[in-house]
Structures are given as structure tokens and as C-alpha cells.
$ cat input.cif   # mmCIF, C-alpha atoms
data_entry
#
loop_
_atom_site.label_atom_id
_atom_site.label_comp_id
_atom_site.auth_asym_id
_atom_site.auth_seq_id
_atom_site.Cartn_x
_atom_site.Cartn_y
_atom_site.Cartn_z
CA MET A 242 0.00 0.00 0.00
CA ASN A 243 1.43 3.35 -1.03
CA ARG A 244 1.50 5.97 1.68
CA PRO A 245 0.51 9.53 0.74
CA HIS A 246 3.57 11.73 0.73
CA LEU A 247 3.84 14.89 2.77
CA GLU A 248 5.95 17.98 2.64
CA LEU A 249 7.90 19.25 5.61
CA ALA A 250 5.43 22.15 5.81
CA ASP A 251 2.60 19.65 6.43
CA VAL A 252 4.50 18.16 9.36
CA PHE A 253 5.18 21.60 10.83
CA ASN A 254 1.55 22.59 10.33
CA ALA A 255 0.46 19.55 12.30
CA LEU A 256 2.75 20.57 15.17
CA ASP A 257 1.65 24.18 14.95
CA SER A 258 -2.03 23.27 15.19
CA ASP A 259 -1.46 21.39 18.43
CA SER A 260 -3.11 23.50 21.12
CA SER A 261 -0.49 22.53 23.71
CA LYS A 262 2.37 23.98 21.58
CA THR A 263 4.76 21.90 23.67
CA ASP A 264 6.73 20.64 20.67
CA THR A 265 7.88 24.11 19.61
CA GLN A 266 8.56 25.74 22.96
CA SER A 267 12.23 24.76 22.96
CA LEU A 268 12.99 26.45 19.62
CA ASN A 269 15.26 29.49 19.65
CA SER A 270 14.52 32.61 17.60
CA PRO A 271 16.19 31.55 14.30
CA GLN A 272 14.57 28.12 14.58
CA ARG A 273 11.12 29.63 15.16
CA ARG A 274 11.61 31.87 12.13
CA ALA A 275 12.56 28.90 9.96
CA PHE A 276 9.61 26.94 11.35
CA ARG A 277 7.21 29.77 10.48
CA ASP A 278 8.74 30.44 7.05
CA ILE A 279 8.53 26.79 6.02
CA ILE A 280 4.86 26.67 7.04
CA GLN A 281 4.03 29.81 5.06
CA CYS A 282 6.21 29.12 2.01
CA ARG A 283 4.29 29.27 -1.28
CA SER A 284 1.01 29.91 0.46
CA ALA A 285 -1.42 32.82 0.55
CA ALA A 286 0.24 34.01 3.77
CA LEU A 287 3.19 35.36 1.75
CA GLY A 288 1.11 36.77 -1.09
CA GLY A 289 1.50 35.91 -4.72
CA HIS A 290 0.91 36.89 -8.30
CA VAL A 291 -1.27 35.85 -11.22
CA GLU A 292 0.24 34.10 -14.20
CA ARG A 293 -1.66 34.34 -17.49
CA CYS A 294 -1.06 32.38 -20.69
CA THR A 295 -0.58 34.78 -23.61
CA GLN A 296 -2.31 32.37 -26.01
CA CYS A 297 -5.33 30.91 -24.20
CA SER A 298 -5.60 33.48 -21.38
CA HIS A 299 -5.64 30.74 -18.75
CA GLU A 300 -4.78 32.15 -15.33
CA GLN A 301 -3.28 30.59 -12.24
CA ILE A 302 -2.09 31.95 -8.91
CA ALA A 303 1.56 31.47 -7.98
CA TYR A 304 2.33 32.09 -4.31
CA ASN A 305 5.61 33.62 -3.16
CA SER A 306 8.36 31.54 -1.56
CA CYS A 307 9.89 32.24 1.84
CA ARG A 308 13.52 32.10 0.61
CA ASN A 309 14.65 30.79 3.98
CA ARG A 310 17.90 28.85 3.54
CA HIS A 311 16.49 26.01 5.65
CA CYS A 312 13.40 25.54 3.47
CA PRO A 313 13.72 22.41 1.29
CA LYS A 314 11.42 23.84 -1.40
CA CYS A 315 13.32 27.11 -1.73
CA GLN A 316 16.76 25.54 -1.70
CA ALA A 317 16.19 23.13 -4.60
CA ALA A 318 16.97 25.76 -7.25
CA ALA A 319 19.82 27.24 -5.19
CA ARG A 320 21.33 23.77 -4.68
CA LYS A 321 21.15 23.05 -8.43
CA GLU A 322 22.80 26.37 -9.26
CA TRP A 323 25.54 25.83 -6.67
CA THR A 324 26.22 22.31 -7.98
CA GLN A 325 26.52 23.56 -11.55
CA LYS A 326 29.01 26.26 -10.51
CA ARG A 327 31.13 23.77 -8.59
CA ALA A 328 31.03 21.30 -11.48
CA ALA A 329 32.38 24.03 -13.79
CA GLU A 330 35.39 24.36 -11.46
CA LEU A 331 36.37 20.69 -11.63
CA LEU A 332 39.76 19.78 -13.08
CA PRO A 333 40.12 17.03 -15.70
CA VAL A 334 41.55 14.63 -13.11
CA GLU A 335 40.39 11.84 -10.84
CA TYR A 336 38.47 13.00 -7.75
CA PHE A 337 38.07 11.41 -4.33
CA HIS A 338 35.37 11.67 -1.67
CA VAL A 339 36.82 11.88 1.86
CA VAL A 340 34.62 11.94 4.96
CA PHE A 341 35.73 12.98 8.46
CA THR A 342 33.38 11.93 11.28
CA LEU A 343 33.26 12.93 14.95
CA PRO A 344 32.71 10.08 17.44
CA ASP A 345 29.26 9.75 19.01
CA GLN A 346 30.62 10.62 22.47
CA LEU A 347 31.13 14.21 21.31
CA SER A 348 27.63 14.62 19.89
CA PRO A 349 26.00 16.14 23.03
CA LEU A 350 28.88 18.58 23.38
CA ALA A 351 28.65 19.52 19.69
CA LEU A 352 24.92 20.24 19.99
CA GLN A 353 25.61 22.76 22.77
CA ASN A 354 28.68 24.31 21.12
CA LYS A 355 27.89 24.21 17.41
CA ARG A 356 29.97 27.15 16.25
CA VAL A 357 33.06 26.06 18.19
CA ILE A 358 32.88 22.31 17.50
CA TYR A 359 32.01 22.59 13.83
CA GLY A 360 34.75 25.19 13.39
CA LEU A 361 37.25 22.80 14.96
CA LEU A 362 35.99 20.02 12.68
CA PHE A 363 36.75 22.13 9.60
CA GLN A 364 40.12 23.20 11.00
CA ALA A 365 41.31 19.74 12.03
CA ALA A 366 40.11 18.04 8.84
CA SER A 367 41.58 20.65 6.47
CA GLU A 368 44.93 20.74 8.26
CA THR A 369 45.04 16.94 8.19
CA LEU A 370 44.48 16.77 4.44
CA LEU A 371 47.01 19.50 3.71
CA LYS A 372 49.69 18.05 5.99
CA ILE A 373 49.47 14.42 4.82
CA ALA A 374 49.22 15.42 1.16
CA ALA A 375 52.30 17.65 1.49
CA ASP A 376 54.35 14.81 3.01
CA PRO A 377 56.73 13.42 0.30
CA LYS A 378 56.15 9.93 1.72
CA HIS A 379 52.53 10.12 0.56
CA LEU A 380 51.96 12.68 -2.20
CA GLY A 381 54.31 15.63 -1.73
CA ALA A 382 51.89 18.14 -3.22
CA VAL A 383 49.88 21.22 -2.30
CA ILE A 384 46.23 20.24 -2.69
CA GLY A 385 42.91 22.02 -2.72
CA PHE A 386 39.47 20.65 -1.86
CA LEU A 387 35.82 21.43 -1.25
CA ALA A 388 34.35 20.67 2.21
CA VAL A 389 30.66 20.48 3.13
CA LEU A 390 29.41 20.06 6.71
CA HIS A 391 26.61 17.59 7.44
CA THR A 392 25.22 17.56 10.95
CA TRP A 393 22.93 14.53 10.54
CA GLY A 394 23.24 11.09 9.01
CA GLN A 395 20.99 8.97 6.80
CA THR A 396 19.00 7.92 9.87
CA LEU A 397 18.25 11.61 10.60
CA GLN A 398 20.14 11.48 13.91
CA HIS A 399 22.73 14.04 14.98
CA HIS A 400 25.92 12.89 13.31
CA PRO A 401 28.49 15.66 12.58
CA HIS A 402 30.75 14.83 9.66
CA LEU A 403 32.57 16.65 6.90
CA HIS A 404 32.33 15.63 3.24
CA CYS A 405 35.42 16.64 1.26
CA VAL A 406 35.78 16.40 -2.52
CA VAL A 407 39.48 16.30 -3.34
CA PRO A 408 41.27 16.12 -6.70
CA GLY A 409 43.66 13.20 -7.00
CA GLY A 410 46.79 15.29 -6.90
CA GLY A 411 48.10 18.80 -6.44
CA LEU A 412 50.80 21.29 -7.28
CA SER A 413 54.46 20.65 -6.61
CA PRO A 414 55.99 22.72 -3.77
CA ASP A 415 57.35 25.18 -6.35
CA HIS A 416 53.85 25.40 -7.96
CA PHE A 417 55.26 24.66 -11.45
CA ARG A 418 54.04 21.11 -12.08
CA TRP A 419 51.19 18.74 -11.28
CA ILE A 420 51.76 15.73 -9.03
CA GLY A 421 49.12 13.06 -9.39
CA CYS A 422 48.36 10.28 -6.92
CA ARG A 423 48.32 6.59 -7.78
CA LYS A 424 45.29 5.62 -9.82
CA GLY A 425 42.40 4.69 -7.53
CA PHE A 426 44.32 5.58 -4.33
CA PHE A 427 44.47 8.97 -2.65
CA LEU A 428 45.93 8.95 0.88
CA PRO A 429 46.05 6.24 3.61
CA VAL A 430 42.90 6.57 5.72
CA LYS A 431 44.50 5.29 8.94
CA VAL A 432 47.15 7.99 8.76
CA LEU A 433 44.44 10.59 8.05
CA SER A 434 42.28 9.26 10.89
CA ARG A 435 44.96 9.37 13.58
CA LEU A 436 46.27 12.80 12.68
CA PHE A 437 42.70 14.13 12.49
CA ARG A 438 41.94 12.65 15.92
CA GLY A 439 45.06 14.14 17.47
CA LYS A 440 44.45 17.60 16.03
CA PHE A 441 40.78 17.73 16.98
CA VAL A 442 41.36 16.54 20.55
CA ALA A 443 44.17 19.08 21.01
CA TYR A 444 42.02 21.91 19.66
CA LEU A 445 39.05 20.84 21.78
CA LYS A 446 41.23 20.78 24.92
CA ALA A 447 42.50 24.28 24.12
CA ALA A 448 38.96 25.54 23.51
CA ASN A 449 37.94 24.33 26.95
CA GLU A 450 40.97 25.92 28.62
CA GLN A 451 40.10 29.20 26.88
CA GLY A 452 36.54 29.06 28.27
CA ARG A 453 34.94 28.77 24.84
CA LEU A 454 32.75 25.77 25.70
CA VAL A 455 29.45 25.63 27.59
CA PHE A 456 28.16 22.57 29.46
CA ARG A 457 24.43 22.10 30.00
CA GLY A 458 22.01 19.24 30.48
CA GLN A 459 23.60 15.83 29.96
CA SER A 460 26.98 17.53 29.46
CA LYS A 461 26.84 19.57 32.67
CA HIS A 462 29.07 17.13 34.53
CA LEU A 463 31.94 17.87 32.11
CA ALA A 464 32.48 21.20 33.85
CA GLU A 465 33.27 19.43 37.11
CA GLY A 466 36.48 17.74 38.23
CA ASP A 467 38.33 15.70 35.64
CA HIS A 468 35.27 14.61 33.67
CA PHE A 469 36.27 16.61 30.60
CA ALA A 470 39.78 15.16 30.66
CA SER A 471 38.25 11.68 30.97
CA LEU A 472 36.11 12.33 27.90
CA LEU A 473 39.15 13.41 25.89
CA ASN A 474 41.04 10.37 27.08
CA GLU A 475 38.17 8.09 26.07
CA VAL A 476 37.80 9.46 22.54
CA SER A 477 41.57 9.51 22.08
CA LYS A 478 41.64 5.73 22.49
CA ARG A 479 39.03 5.15 19.77
CA GLU A 480 39.65 4.78 16.06
CA TRP A 481 37.97 7.77 14.40
CA VAL A 482 36.12 7.18 11.16
CA VAL A 483 37.74 8.67 8.07
CA TYR A 484 36.57 7.24 4.78
CA ALA A 485 38.00 7.81 1.31
CA LYS A 486 36.78 6.53 -2.03
CA ARG A 487 36.29 7.67 -5.58
CA PRO A 488 32.95 9.47 -5.94
CA VAL A 489 30.22 7.65 -7.82
CA TRP A 490 29.63 10.85 -9.81
CA ARG A 491 32.13 13.21 -11.40
CA THR A 492 30.36 16.17 -9.80
CA SER A 493 30.52 16.86 -6.10
CA ALA A 494 29.45 13.74 -4.20
CA SER A 495 28.99 15.93 -1.14
CA VAL A 496 26.14 17.74 -2.84
CA GLU A 497 24.59 14.58 -4.24
CA VAL A 498 24.13 13.05 -0.77
CA SER A 499 22.98 16.29 0.89
CA GLY A 500 19.21 15.80 0.48
CA ALA A 501 18.71 13.43 3.41
CA LEU A 502 15.59 15.26 4.62
CA HIS A 503 13.85 15.87 1.32
CA PRO A 504 10.10 16.72 1.32
CA SER A 505 9.37 13.38 -0.36
CA SER A 506 11.05 11.56 2.54
CA CYS A 507 7.99 12.17 4.73
CA TYR A 508 4.95 9.92 4.77
CA ILE A 509 1.91 9.41 6.98
CA GLN A 510 2.31 6.56 9.41
CA SER A 511 -0.93 6.96 11.32
CA THR A 512 -3.53 9.55 12.19
CA THR A 513 -1.47 10.68 15.16
CA GLY A 514 2.08 10.68 13.88
CA VAL A 515 4.46 11.11 11.00
CA ALA A 516 7.33 8.84 10.04
CA PHE A 517 10.37 9.87 8.05
CA GLY A 518 11.58 7.53 5.35
CA ARG A 519 15.17 7.48 4.20
CA LYS A 520 17.12 6.21 1.21
CA SER A 521 18.68 3.03 2.53
CA ASP A 522 20.02 1.84 -0.80
CA LEU A 523 22.34 4.78 -1.58
CA PRO A 524 25.82 3.55 -2.48
CA MET A 525 27.23 6.43 -0.41
CA GLU A 526 25.30 5.54 2.75
CA ARG A 527 28.21 3.72 4.39
CA LEU A 528 30.23 6.94 4.22
CA CYS A 529 28.10 8.51 6.92
#
$ encode --input "input.cif" --output "C-alpha cells"
Amino acid sequence: MNRPHLELADVFNALDSDSSKTDTQSLNSPQRRAFRDIIQCRSAALGGHVERCTQCSHEQIAYNSCRNRHCPKCQAAARKEWTQKRAAELLPVEYFHVVFTLPDQLSPLALQNKRVIYGLLFQAASETLLKIAADPKHLGAVIGFLAVLHTWGQTLQHHPHLHCVVPGGGLSPDHFRWIGCRKGFFLPVKVLSRLFRGKFVAYLKAANEQGRLVFRGQSKHLAEGDHFASLLNEVSKREWVVYAKRPVWRTSASVEVSGALHPSSCYIQSTTGVAFGRKSDLPMERLC
């Protein structure tokens, strides 16, 4: 039996119509604005205009969009345009898809310190790629890459990770010639993983010493005693997930897997709830 598909706006409308309003009380100001914009997008609430056929004079009303960057309907055109621009920048070389993932133990801390943690994720991952690629034992080249942050996984759970699209080579140290990697192999993932882990843990420790982190709720205990040091010690003993493979597509694989919460992913489960479907057969799913 086929389930009728919903849009995200339908789900938000259902929450908004709840007289208790309990589900939206915890939203901050930007989140409430996005919530309201998505509900009103392409509806009479935002006004519209009349389109008329010049041949048959048929008329139809087209409602205005909200243009909120979090709205899945508004971002479809923007995402397509962005992808086309990035595709035009690609070099005629082999490309690799590299993913840097934070361990689950850091997820609560990341939720409370988004700007700091995600900034450290970009910093540690980019420095790792540049350092290992510049090492003559591996590639010995100055590389460039595109990095896209994802804060959720295919299961729609909080799962911070960075998708990087990297050309298979770079410029020589004197910037006068191209140095390509071995066909089908970019850089050793274990070496990338351990350097990435060391850099991120060091930067996270420094951020705490500088008073840049906040600890609330289930992370409140980290502000007491040696709990924070114990957390760093625990994650330092784990193997961090860094994955590298050739993209399935020539264009940016990061963009291709970005639509995890697409409007068509929603369907009615019952009269009292909504379930979110997900693409479980994507060849890139194991990257996340």
C-alpha cells in the first residue's frame, strides 16, 4: 500500500495546530523563524501573483516563496545552481570523496557548542588533508578541496561529519608542475584518521581551557572535576572514522548526498504521527 507523501510544511503545520504547543517551545529565535517560514512558504500568507497564458488566457495563482535557507522547497533551485558552478570548477583529473566523522561521544557537546565544534571540525580536517598530502612519503603536493558540513546522518540522527571532494593530486611545492596520486588511491585513511583525531582533541582541549565551551544538560558534569579530561582520554583511544573513495559521480558527491531530509522523505504513518523515510540503498550511505 502506497503511503501519501507529505511535505515538511505539512509536518510543521500539524505541530503548529497542536493547542499545547509543547513541541515548539524549545525552539530558539532563528529556529522559530525557519519553522514559520517553512509553514508559510508558497502559500497565501506570503502573497503571490497571477500568471496568465498569452495564447489561451488561462490564469493561475503562484504564491511567493519564503527564501529561507532552511526551506527544502526554496533551496532546490539554489542547490542546483551551486552544484553547476562547482562542477564548472572541476579539473580534468580523478576525484576522491573523503569523509571525516566525529565520534558519538562528542555529539551532546557539539549540539551545545555548534559554532566552536564545527569550526574545529573544519580546521582539524583541512589541516590533516594539507599536511598528509604535502608529506613526500605520501603525495608531496599542495592540494585544494571542497568541504561540506553535514550535521545529521541517513537515519536523521545528529551525526556531525565533513564531506570533502578532493582532486587526486596537487601542485608541486614550487607550484610549477602537477603531481598526481596513484590511480584509484588517494591517501592512507589510517594515517588521516589518527592525525585528524590528534588535532581535533588538542584543539578541543585548548577551547575548553580558553573558556569557549558551555556545558548544559547531559553535558553539565563535564564542567566538574576531571570529567572533561576523561572524555578526551576516552575518545583519544578510539579509532575515528575517516573514509575515502572515488565518488560515484564526477560532480561533487557531497552535494549529491545532501538531500537526506527531502520533502518526499515524509509519509503518513498513522492519524497521530508522521514517520520519516530514508534512502537506505544509496551507495554512499556507508560513508556517513
$ resolve_selection --input "input.cif" --expression "the PyMOL selection byres ((chain A and resi 457-465) around 12)" --output "ChimeraX atom specification"
/A:346-354,449-450,452,454-456,466-473
$ write_last_selection --input "input.cif" --atoms "C-alpha atoms" --output "CSV table (one decimal), in the coordinates of the input"
chain,number,residue,atom,x,y,z
A,346,GLN,CA,30.6,10.6,22.5
A,347,LEU,CA,31.1,14.2,21.3
A,348,SER,CA,27.6,14.6,19.9
A,349,PRO,CA,26.0,16.1,23.0
A,350,LEU,CA,28.9,18.6,23.4
A,351,ALA,CA,28.6,19.5,19.7
A,352,LEU,CA,24.9,20.2,20.0
A,353,GLN,CA,25.6,22.8,22.8
A,354,ASN,CA,28.7,24.3,21.1
A,449,ASN,CA,37.9,24.3,27.0
A,450,GLU,CA,41.0,25.9,28.6
A,452,GLY,CA,36.5,29.1,28.3
A,454,LEU,CA,32.8,25.8,25.7
A,455,VAL,CA,29.4,25.6,27.6
A,456,PHE,CA,28.2,22.6,29.5
A,466,GLY,CA,36.5,17.7,38.2
A,467,ASP,CA,38.3,15.7,35.6
A,468,HIS,CA,35.3,14.6,33.7
A,469,PHE,CA,36.3,16.6,30.6
A,470,ALA,CA,39.8,15.2,30.7
A,471,SER,CA,38.2,11.7,31.0
A,472,LEU,CA,36.1,12.3,27.9
A,473,LEU,CA,39.2,13.4,25.9
$ closest_residue --input "input.cif" --among "A:Val432, A:Ala443, A:Val334, A:Leu387" --to "Trp419 of chain A" --atoms "all atoms listed in the file"
A:Val334
$ residues_around --input "input.cif" --residues "Phe337 of chain A" --least-positions-apart "6" --cutoff "8 Å" --atoms "all atoms listed in the file" --output "list in words"
Val406, Val407, Pro408, Gly409, Phe427, Ala485, Lys486, Arg487 and Pro488 of chain A
$ write_last_selection --input "input.cif" --atoms "C-alpha atoms" --output "CSV table (one decimal), in the frame of the given file"
chain,number,residue,atom,x,y,z
A,406,VAL,CA,35.8,16.4,-2.5
A,407,VAL,CA,39.5,16.3,-3.3
A,408,PRO,CA,41.3,16.1,-6.7
A,409,GLY,CA,43.7,13.2,-7.0
A,427,PHE,CA,44.5,9.0,-2.6
A,485,ALA,CA,38.0,7.8,1.3
A,486,LYS,CA,36.8,6.5,-2.0
A,487,ARG,CA,36.3,7.7,-5.6
A,488,PRO,CA,33.0,9.5,-5.9
$ atom_distance --input "input.cif" --atom1 "atom CA of Arg423 of chain A" --atom2 "atom CA of Pro377 of chain A"
13.5 Å
$ residues_around --input "input.cif" --residues "segment 303-314 of chain A" --least-positions-apart "4" --cutoff "8 Å" --atoms "all atoms listed in the file" --output "PyMOL selection string"
chain A and resi 249+275+278-279+281-285+287-292+503-504
$ atom_distance --input "input.cif" --atom1 "atom CA of Lys326 of chain A" --atom2 "atom CA of Phe363 of chain A"
21.9 Å
$ resolve_selection --input "input.cif" --expression "the PyMOL selection byres ((chain A and resi 332) around 12)" --output "ChimeraX atom specification"
/A:327-331,333-336,385-386,406-411,419,491-493
$ decode --input "input.cif" --residues "segment 338-360 of chain A" --atoms "N, CA, C and O atoms" --output "PDB file, in the first residue's frame"
ATOM      1  N   HIS A 338      36.327  11.233  -2.676  1.00  0.00           N
ATOM      2  CA  HIS A 338      35.368  11.668  -1.667  1.00  0.00           C
ATOM      3  C   HIS A 338      35.897  11.224  -0.306  1.00  0.00           C
ATOM      4  O   HIS A 338      36.010  10.034  -0.028  1.00  0.00           O
ATOM      5  N   VAL A 339      36.255  12.175   0.540  1.00  0.00           N
ATOM      6  CA  VAL A 339      36.822  11.883   1.859  1.00  0.00           C
ATOM      7  C   VAL A 339      35.867  12.407   2.929  1.00  0.00           C
ATOM      8  O   VAL A 339      35.413  13.555   2.860  1.00  0.00           O
ATOM      9  N   VAL A 340      35.563  11.572   3.903  1.00  0.00           N
ATOM     10  CA  VAL A 340      34.616  11.940   4.964  1.00  0.00           C
ATOM     11  C   VAL A 340      35.296  11.841   6.325  1.00  0.00           C
ATOM     12  O   VAL A 340      35.871  10.807   6.670  1.00  0.00           O
ATOM     13  N   PHE A 341      35.220  12.934   7.091  1.00  0.00           N
ATOM     14  CA  PHE A 341      35.732  12.976   8.464  1.00  0.00           C
ATOM     15  C   PHE A 341      34.546  13.004   9.422  1.00  0.00           C
ATOM     16  O   PHE A 341      33.680  13.875   9.312  1.00  0.00           O
ATOM     17  N   THR A 342      34.516  12.066  10.376  1.00  0.00           N
ATOM     18  CA  THR A 342      33.375  11.933  11.277  1.00  0.00           C
ATOM     19  C   THR A 342      33.801  12.082  12.730  1.00  0.00           C
ATOM     20  O   THR A 342      34.817  11.513  13.146  1.00  0.00           O
ATOM     21  N   LEU A 343      33.005  12.821  13.509  1.00  0.00           N
ATOM     22  CA  LEU A 343      33.257  12.925  14.949  1.00  0.00           C
ATOM     23  C   LEU A 343      32.634  11.728  15.658  1.00  0.00           C
ATOM     24  O   LEU A 343      31.558  11.268  15.286  1.00  0.00           O
ATOM     25  N   PRO A 344      33.277  11.211  16.702  1.00  0.00           N
ATOM     26  CA  PRO A 344      32.711  10.078  17.443  1.00  0.00           C
ATOM     27  C   PRO A 344      31.424  10.478  18.164  1.00  0.00           C
ATOM     28  O   PRO A 344      31.223  11.635  18.519  1.00  0.00           O
ATOM     29  N   ASP A 345      30.564   9.493  18.394  1.00  0.00           N
ATOM     30  CA  ASP A 345      29.260   9.745  19.014  1.00  0.00           C
ATOM     31  C   ASP A 345      29.381  10.375  20.398  1.00  0.00           C
ATOM     32  O   ASP A 345      28.493  11.116  20.825  1.00  0.00           O
ATOM     33  N   GLN A 346      30.473  10.082  21.119  1.00  0.00           N
ATOM     34  CA  GLN A 346      30.622  10.623  22.474  1.00  0.00           C
ATOM     35  C   GLN A 346      30.667  12.147  22.490  1.00  0.00           C
ATOM     36  O   GLN A 346      30.388  12.768  23.516  1.00  0.00           O
ATOM     37  N   LEU A 347      31.037  12.750  21.358  1.00  0.00           N
ATOM     38  CA  LEU A 347      31.134  14.211  21.306  1.00  0.00           C
ATOM     39  C   LEU A 347      29.845  14.869  20.808  1.00  0.00           C
ATOM     40  O   LEU A 347      29.767  16.090  20.762  1.00  0.00           O
ATOM     41  N   SER A 348      28.861  14.073  20.456  1.00  0.00           N
ATOM     42  CA  SER A 348      27.626  14.618  19.895  1.00  0.00           C
ATOM     43  C   SER A 348      26.897  15.568  20.845  1.00  0.00           C
ATOM     44  O   SER A 348      26.509  16.672  20.443  1.00  0.00           O
ATOM     45  N   PRO A 349      26.680  15.201  22.123  1.00  0.00           N
ATOM     46  CA  PRO A 349      25.998  16.137  23.034  1.00  0.00           C
ATOM     47  C   PRO A 349      26.750  17.460  23.181  1.00  0.00           C
ATOM     48  O   PRO A 349      26.143  18.530  23.225  1.00  0.00           O
ATOM     49  N   LEU A 350      28.067  17.378  23.247  1.00  0.00           N
ATOM     50  CA  LEU A 350      28.883  18.582  23.382  1.00  0.00           C
ATOM     51  C   LEU A 350      28.787  19.440  22.122  1.00  0.00           C
ATOM     52  O   LEU A 350      28.725  20.672  22.198  1.00  0.00           O
ATOM     53  N   ALA A 351      28.753  18.789  20.957  1.00  0.00           N
ATOM     54  CA  ALA A 351      28.651  19.516  19.690  1.00  0.00           C
ATOM     55  C   ALA A 351      27.312  20.233  19.575  1.00  0.00           C
ATOM     56  O   ALA A 351      27.235  21.359  19.064  1.00  0.00           O
ATOM     57  N   LEU A 352      26.243  19.615  20.051  1.00  0.00           N
ATOM     58  CA  LEU A 352      24.922  20.239  19.987  1.00  0.00           C
ATOM     59  C   LEU A 352      24.862  21.526  20.806  1.00  0.00           C
ATOM     60  O   LEU A 352      24.149  22.458  20.454  1.00  0.00           O
ATOM     61  N   GLN A 353      25.619  21.582  21.892  1.00  0.00           N
ATOM     62  CA  GLN A 353      25.610  22.758  22.766  1.00  0.00           C
ATOM     63  C   GLN A 353      26.662  23.792  22.372  1.00  0.00           C
ATOM     64  O   GLN A 353      26.622  24.925  22.848  1.00  0.00           O
ATOM     65  N   ASN A 354      27.584  23.408  21.515  1.00  0.00           N
ATOM     66  CA  ASN A 354      28.682  24.307  21.117  1.00  0.00           C
ATOM     67  C   ASN A 354      28.899  24.225  19.611  1.00  0.00           C
ATOM     68  O   ASN A 354      30.009  23.973  19.139  1.00  0.00           O
ATOM     69  N   LYS A 355      27.835  24.433  18.851  1.00  0.00           N
ATOM     70  CA  LYS A 355      27.887  24.206  17.406  1.00  0.00           C
ATOM     71  C   LYS A 355      28.983  25.010  16.720  1.00  0.00           C
ATOM     72  O   LYS A 355      29.784  24.467  15.944  1.00  0.00           O
ATOM     73  N   ARG A 356      29.013  26.312  16.953  1.00  0.00           N
ATOM     74  CA  ARG A 356      29.970  27.154  16.249  1.00  0.00           C
ATOM     75  C   ARG A 356      31.411  26.731  16.545  1.00  0.00           C
ATOM     76  O   ARG A 356      32.250  26.665  15.645  1.00  0.00           O
ATOM     77  N   VAL A 357      31.697  26.438  17.806  1.00  0.00           N
ATOM     78  CA  VAL A 357      33.060  26.060  18.186  1.00  0.00           C
ATOM     79  C   VAL A 357      33.419  24.683  17.636  1.00  0.00           C
ATOM     80  O   VAL A 357      34.453  24.506  16.973  1.00  0.00           O
ATOM     81  N   ILE A 358      32.569  23.689  17.890  1.00  0.00           N
ATOM     82  CA  ILE A 358      32.876  22.308  17.499  1.00  0.00           C
ATOM     83  C   ILE A 358      32.948  22.158  15.987  1.00  0.00           C
ATOM     84  O   ILE A 358      33.870  21.524  15.451  1.00  0.00           O
ATOM     85  N   TYR A 359      31.986  22.732  15.287  1.00  0.00           N
ATOM     86  CA  TYR A 359      32.008  22.595  13.827  1.00  0.00           C
ATOM     87  C   TYR A 359      33.195  23.352  13.222  1.00  0.00           C
ATOM     88  O   TYR A 359      33.768  22.924  12.217  1.00  0.00           O
ATOM     89  N   GLY A 360      33.561  24.464  13.847  1.00  0.00           N
ATOM     90  CA  GLY A 360      34.747  25.187  13.390  1.00  0.00           C
ATOM     91  C   GLY A 360      36.009  24.354  13.573  1.00  0.00           C
ATOM     92  O   GLY A 360      36.882  24.324  12.695  1.00  0.00           O
TER      93      GLY A 360
END
